[in-house]
Amino acid sequence: LALAAIWTLKMLVDPAARQRLLRLPLLWPVLALLSASIISTLFGEYKSLGVQFTYRLVMGAVVLASVWETLRTTRRLLVALCTLVGAALISAVLGLLEFAPWFDIDGALLMAFKPMPTTVGGALRLSGSFEYANGAAMYFEMVLPIVLGLAVLFSSRRLLEGIADLGLLLRNPQSAIRNLLRVAAFVLFGVFSMALLLTLSRAALAGVGIALLMFAGAAFVRGRSAESANIANVKPILLKSLALAGLTMLLAVAYIYTTQPIFRLRLTTENDRNWYNVAYQPGTVPPLSAGDWVTVPLTLRNDGPMVWQAQGVLPIHVSYHWLSEDRKTALVFEGVRTPLPRNVNPGESIMVDASVVAPSRPGVYYLQWDLVQERVVWFAYKTGIQSATTRHEVAQASASPNHRKAPVTRMPAPVSAYIAPDADTVERSKLWKSALKMFLAHPITGVGPDGFRNLRGQYEGVTSWNKNIFTNNTYIEMFTNLGILGGLAFLWLSGLALWSAMRAILRGPVDAGWAIGLGTGASLAAFFFHGFLDYFLFSTPLYVIFWLLLGVGTLQGWKVGKLEGLSVPTFQLSNFPTFQRRKRC
């Protein structure tokens, strides 16, 4: 809001700034996307969500316009990106401290940012100061190429010469400051690599791979161009930096692959549903009276690929549900807990004396066994497979003093009163089919901003669904929510921005701005690739960095076009035939 206020004041008092804004290459697609958002909101079902969507879009456009207005010198741009990297470093360090056994950072600090840690299969996923691990992964994925671009910059005296004052300070081959900055850049690359890998996001890892390929492609293409002499001194530095970055990433992958079994599972499975497979072999349940406590011998076999943890923050307990006579209603959902005597490895069986408390009223009930990972999920809801039920007649409670009451010390209390059914691992194909149905029903204006997650159940024929799940595809999300108008406007914006960033990389002068532009262009390429598998565009921290880098890439491409005398798409009255005819008259 402060940035928007400052920018608005600048536009009001400075006519030259208003003229520069009209020359912003992305102005047309931004206005088209804003218009599509407003139209879709007017026709959409959730108008309040549309207002929030449009507000965030406007704030992103303000970030873009502010970059266009203020970061026109390489020195300013360098300071801005170093500030961005420093902020990301704080979050990455906070995330790495989540894995420190000697420091409880989750309870002490990070709960101010999120309701609970992100987990998969009971294993912690790094989220740092972000609400969810996937958001942290996308952010670190976009910062990594920037850090690599800075590493290339600080490794070359030739590239630093173009920066006023700073180049003079670092030009000396024996400059300790330049060497320190170069080492710091690679250390930061390693820190961000570890943080990204611990988010257990496969799409983010693939996005970083795309970014590294862009660095390699830039070195290859520019090295074969007619102006290869101008890059002769920079190409070896670029290739060495790329090789060191790739080695750092591979070492980080190898370390986490060997120390984090869940990381291996994430690489080989689409979701964690089959991680919770279990087979039950219950023993005989003795006759029950209302309120009786009994123990039942129960043999469990771990048919999933993960280890059942008996202790820790997210332990696995044995429990059960008491169902009604028609077996459609859980009359007692939260059965008492029985801890596992030890960890259970995949394929291993274990026998447990499971505690069971009979319902407080006499009647006919069905007993259904289940395992529960506290604060995460019931096994049956994760796998969708219910265990067999057994019928039991519960008699009137006995008045005898020897009546078997449940000893409180034998029953660990549930961590949560109720763990909701799992709906966070919906297959992408299912989500995309639902999105297609919505798009075909509302092809022009879409179902409205944020409409997919709120309307998905209606198109799938269900009455209850998780409304925090998006399409997991940025492009499908835009076409579904905003229709053809918004989808094409977003493709126009993305294509023009990527084309501008690529032109700066492939045709711009090899200087400090080129190294920075290479990092930001590779970051945008990683984002657009990741967009095929996830949707984060309007998460607050992510739309800020997205529009920031969109502005940087556009500005670098515009500078190249200006140097070459090429026409750059701008918002100018002189582009209109009517204006040109009046000018001739």
# chains A, B, ... in the order shown; residues from 1 in each chain; ligands from 1
$ select_by_dssp --residues "region 257-448 of chain A" --states "helix (DSSP H, G or I)" --output "number ranges by chain"
A: 257-259, 261-268, 273-276, 379-383, 408-410, 428-441
$ write_last_selection --atoms "N, CA and C atoms" --output "mmCIF file, in the first residue's frame"
data_model
loop_
_atom_site.group_PDB
_atom_site.id
_atom_site.type_symbol
_atom_site.label_atom_id
_atom_site.label_comp_id
_atom_site.auth_asym_id
_atom_site.auth_seq_id
_atom_site.Cartn_x
_atom_site.Cartn_y
_atom_site.Cartn_z
ATOM 1 N N TYR A 257 18.778 -37.231 -0.358
ATOM 2 C CA TYR A 257 18.286 -38.527 -0.836
ATOM 3 C C TYR A 257 18.697 -39.655 0.111
ATOM 4 N N THR A 258 19.902 -39.552 0.664
ATOM 5 C CA THR A 258 20.384 -40.618 1.547
ATOM 6 C C THR A 258 19.917 -40.451 2.989
ATOM 7 N N THR A 259 19.589 -39.234 3.397
ATOM 8 C CA THR A 259 19.215 -38.988 4.794
ATOM 9 C C THR A 259 17.721 -38.821 4.998
ATOM 10 N N PRO A 261 14.329 -40.510 3.834
ATOM 11 C CA PRO A 261 13.616 -41.540 3.061
ATOM 12 C C PRO A 261 12.361 -41.004 2.370
ATOM 13 N N ILE A 262 11.701 -40.040 2.994
ATOM 14 C CA ILE A 262 10.492 -39.487 2.401
ATOM 15 C C ILE A 262 10.803 -38.785 1.078
ATOM 16 N N PHE A 263 12.002 -38.189 0.965
ATOM 17 C CA PHE A 263 12.390 -37.537 -0.276
ATOM 18 C C PHE A 263 12.421 -38.539 -1.420
ATOM 19 N N ARG A 264 12.914 -39.738 -1.141
ATOM 20 C CA ARG A 264 12.942 -40.771 -2.173
ATOM 21 C C ARG A 264 11.527 -41.166 -2.585
ATOM 22 N N LEU A 265 10.629 -41.254 -1.621
ATOM 23 C CA LEU A 265 9.244 -41.600 -1.939
ATOM 24 C C LEU A 265 8.583 -40.511 -2.776
ATOM 25 N N ARG A 266 8.877 -39.258 -2.460
ATOM 26 C CA ARG A 266 8.285 -38.147 -3.207
ATOM 27 C C ARG A 266 8.719 -38.163 -4.666
ATOM 28 N N LEU A 267 9.941 -38.618 -4.923
ATOM 29 C CA LEU A 267 10.435 -38.647 -6.295
ATOM 30 C C LEU A 267 9.803 -39.770 -7.116
ATOM 31 N N THR A 268 9.283 -40.770 -6.445
ATOM 32 C CA THR A 268 8.823 -41.961 -7.164
ATOM 33 C C THR A 268 7.319 -42.172 -7.111
ATOM 34 N N ARG A 273 -1.076 -41.414 -0.969
ATOM 35 C CA ARG A 273 -2.224 -42.223 -0.565
ATOM 36 C C ARG A 273 -1.815 -43.660 -0.218
ATOM 37 N N ASN A 274 -0.996 -44.275 -1.055
ATOM 38 C CA ASN A 274 -0.633 -45.668 -0.789
ATOM 39 C C ASN A 274 0.414 -45.795 0.309
ATOM 40 N N TRP A 275 0.898 -44.662 0.841
ATOM 41 C CA TRP A 275 1.842 -44.726 1.946
ATOM 42 C C TRP A 275 1.157 -45.242 3.217
ATOM 43 N N TYR A 276 -0.166 -45.143 3.252
ATOM 44 C CA TYR A 276 -0.916 -45.461 4.467
ATOM 45 C C TYR A 276 -1.638 -46.811 4.372
ATOM 46 N N PHE A 379 -5.966 -43.166 8.577
ATOM 47 C CA PHE A 379 -5.474 -43.973 7.471
ATOM 48 C C PHE A 379 -6.585 -44.282 6.463
ATOM 49 N N ALA A 380 -7.778 -44.610 6.947
ATOM 50 C CA ALA A 380 -8.863 -44.991 6.041
ATOM 51 C C ALA A 380 -9.267 -43.834 5.139
ATOM 52 N N TYR A 381 -9.206 -42.612 5.662
ATOM 53 C CA TYR A 381 -9.571 -41.461 4.838
ATOM 54 C C TYR A 381 -8.495 -41.151 3.802
ATOM 55 N N LYS A 382 -7.243 -41.450 4.150
ATOM 56 C CA LYS A 382 -6.167 -41.201 3.194
ATOM 57 C C LYS A 382 -6.214 -42.202 2.038
ATOM 58 N N THR A 383 -6.378 -43.489 2.369
ATOM 59 C CA THR A 383 -6.354 -44.511 1.328
ATOM 60 C C THR A 383 -7.706 -44.688 0.653
ATOM 61 N N VAL A 408 -7.441 -44.297 32.643
ATOM 62 C CA VAL A 408 -7.024 -43.125 31.875
ATOM 63 C C VAL A 408 -5.557 -43.215 31.493
ATOM 64 N N THR A 409 -4.753 -43.792 32.358
ATOM 65 C CA THR A 409 -3.313 -43.843 32.079
ATOM 66 C C THR A 409 -2.973 -44.722 30.887
ATOM 67 N N ARG A 410 -3.886 -45.614 30.470
ATOM 68 C CA ARG A 410 -3.601 -46.504 29.357
ATOM 69 C C ARG A 410 -3.996 -45.916 28.009
ATOM 70 N N ARG A 428 -4.146 -34.557 -10.423
ATOM 71 C CA ARG A 428 -4.258 -33.409 -11.308
ATOM 72 C C ARG A 428 -5.229 -33.678 -12.458
ATOM 73 N N SER A 429 -5.229 -34.910 -12.970
ATOM 74 C CA SER A 429 -6.117 -35.222 -14.090
ATOM 75 C C SER A 429 -7.577 -35.003 -13.705
ATOM 76 N N LYS A 430 -7.924 -35.350 -12.485
ATOM 77 C CA LYS A 430 -9.294 -35.144 -12.020
ATOM 78 C C LYS A 430 -9.624 -33.657 -11.898
ATOM 79 N N LEU A 431 -8.667 -32.889 -11.389
ATOM 80 C CA LEU A 431 -8.870 -31.447 -11.265
ATOM 81 C C LEU A 431 -9.024 -30.807 -12.641
ATOM 82 N N TRP A 432 -8.207 -31.236 -13.587
ATOM 83 C CA TRP A 432 -8.259 -30.629 -14.925
ATOM 84 C C TRP A 432 -9.545 -30.990 -15.659
ATOM 85 N N LYS A 433 -10.076 -32.184 -15.420
ATOM 86 C CA LYS A 433 -11.362 -32.540 -16.017
ATOM 87 C C LYS A 433 -12.480 -31.657 -15.476
ATOM 88 N N SER A 434 -12.448 -31.401 -14.174
ATOM 89 C CA SER A 434 -13.443 -30.508 -13.581
ATOM 90 C C SER A 434 -13.304 -29.098 -14.142
ATOM 91 N N ALA A 435 -12.058 -28.654 -14.324
ATOM 92 C CA ALA A 435 -11.828 -27.324 -14.877
ATOM 93 C C ALA A 435 -12.349 -27.220 -16.311
ATOM 94 N N LEU A 436 -12.187 -28.285 -17.085
ATOM 95 C CA LEU A 436 -12.685 -28.279 -18.459
ATOM 96 C C LEU A 436 -14.209 -28.148 -18.487
ATOM 97 N N LYS A 437 -14.881 -28.845 -17.579
ATOM 98 C CA LYS A 437 -16.341 -28.737 -17.500
ATOM 99 C C LYS A 437 -16.758 -27.300 -17.177
ATOM 100 N N MET A 438 -16.065 -26.670 -16.262
ATOM 101 C CA MET A 438 -16.386 -25.293 -15.911
ATOM 102 C C MET A 438 -16.156 -24.353 -17.087
ATOM 103 N N PHE A 439 -15.025 -24.564 -17.771
ATOM 104 C CA PHE A 439 -14.710 -23.684 -18.898
ATOM 105 C C PHE A 439 -15.745 -23.818 -20.008
ATOM 106 N N LEU A 440 -16.158 -25.047 -20.304
ATOM 107 C CA LEU A 440 -17.153 -25.253 -21.359
ATOM 108 C C LEU A 440 -18.502 -24.657 -20.969
ATOM 109 N N ALA A 441 -18.782 -24.609 -19.663
ATOM 110 C CA ALA A 441 -20.040 -24.018 -19.208
ATOM 111 C C ALA A 441 -19.991 -22.492 -19.221
#
$ residues_around --residues "region 245-247 of chain A" --least-positions-apart "6" --cutoff "10 Å" --atoms "only C-alpha atoms" --output "PyMOL selection string"
chain A and resi 144-145+147-148+151+186-187+189-190+193+209+212+239+253
$ write_last_selection --atoms "C-alpha atoms" --output "tab-separated table (two decimals), in the first residue's frame"
chain	number	residue	atom	x	y	z
A	144	LEU	CA	18.13	-19.50	-7.04
A	145	PRO	CA	18.68	-18.30	-10.66
A	147	VAL	CA	21.76	-15.85	-6.99
A	148	LEU	CA	23.54	-17.68	-9.81
A	151	ALA	CA	27.64	-15.21	-8.77
A	186	PHE	CA	27.80	-19.74	-4.06
A	187	VAL	CA	27.23	-20.32	-0.34
A	189	PHE	CA	23.15	-21.00	-3.71
A	190	GLY	CA	23.88	-23.99	-1.51
A	193	SER	CA	19.29	-25.47	-2.71
A	209	GLY	CA	16.65	-27.55	-13.84
A	212	LEU	CA	20.14	-24.01	-15.24
A	239	LEU	CA	30.36	-22.10	-17.59
A	253	VAL	CA	20.26	-33.89	-3.71
$ atom_distance --atom1 "CA of Val51 (chain A)" --atom2 "CA of Asn472 (chain A)"
22.1 Å
$ closest_residue --among "A:Trp514, A:Gly135, A:Ile545, A:Val191" --to "Leu78 (chain A)" --atoms "only C-alpha atoms"
A:Trp514
$ residues_around --residues "Ala388 (chain A)" --least-positions-apart "5" --cutoff "10 Å" --atoms "only C-alpha atoms" --output "MDAnalysis selection string"
chainID A and resid 280:282 366:370
$ closest_residue --among "A:Glu374, A:Glu477, A:Glu427, A:Glu131" --to "Gly446 (chain A)" --atoms "only C-alpha atoms"
A:Glu477
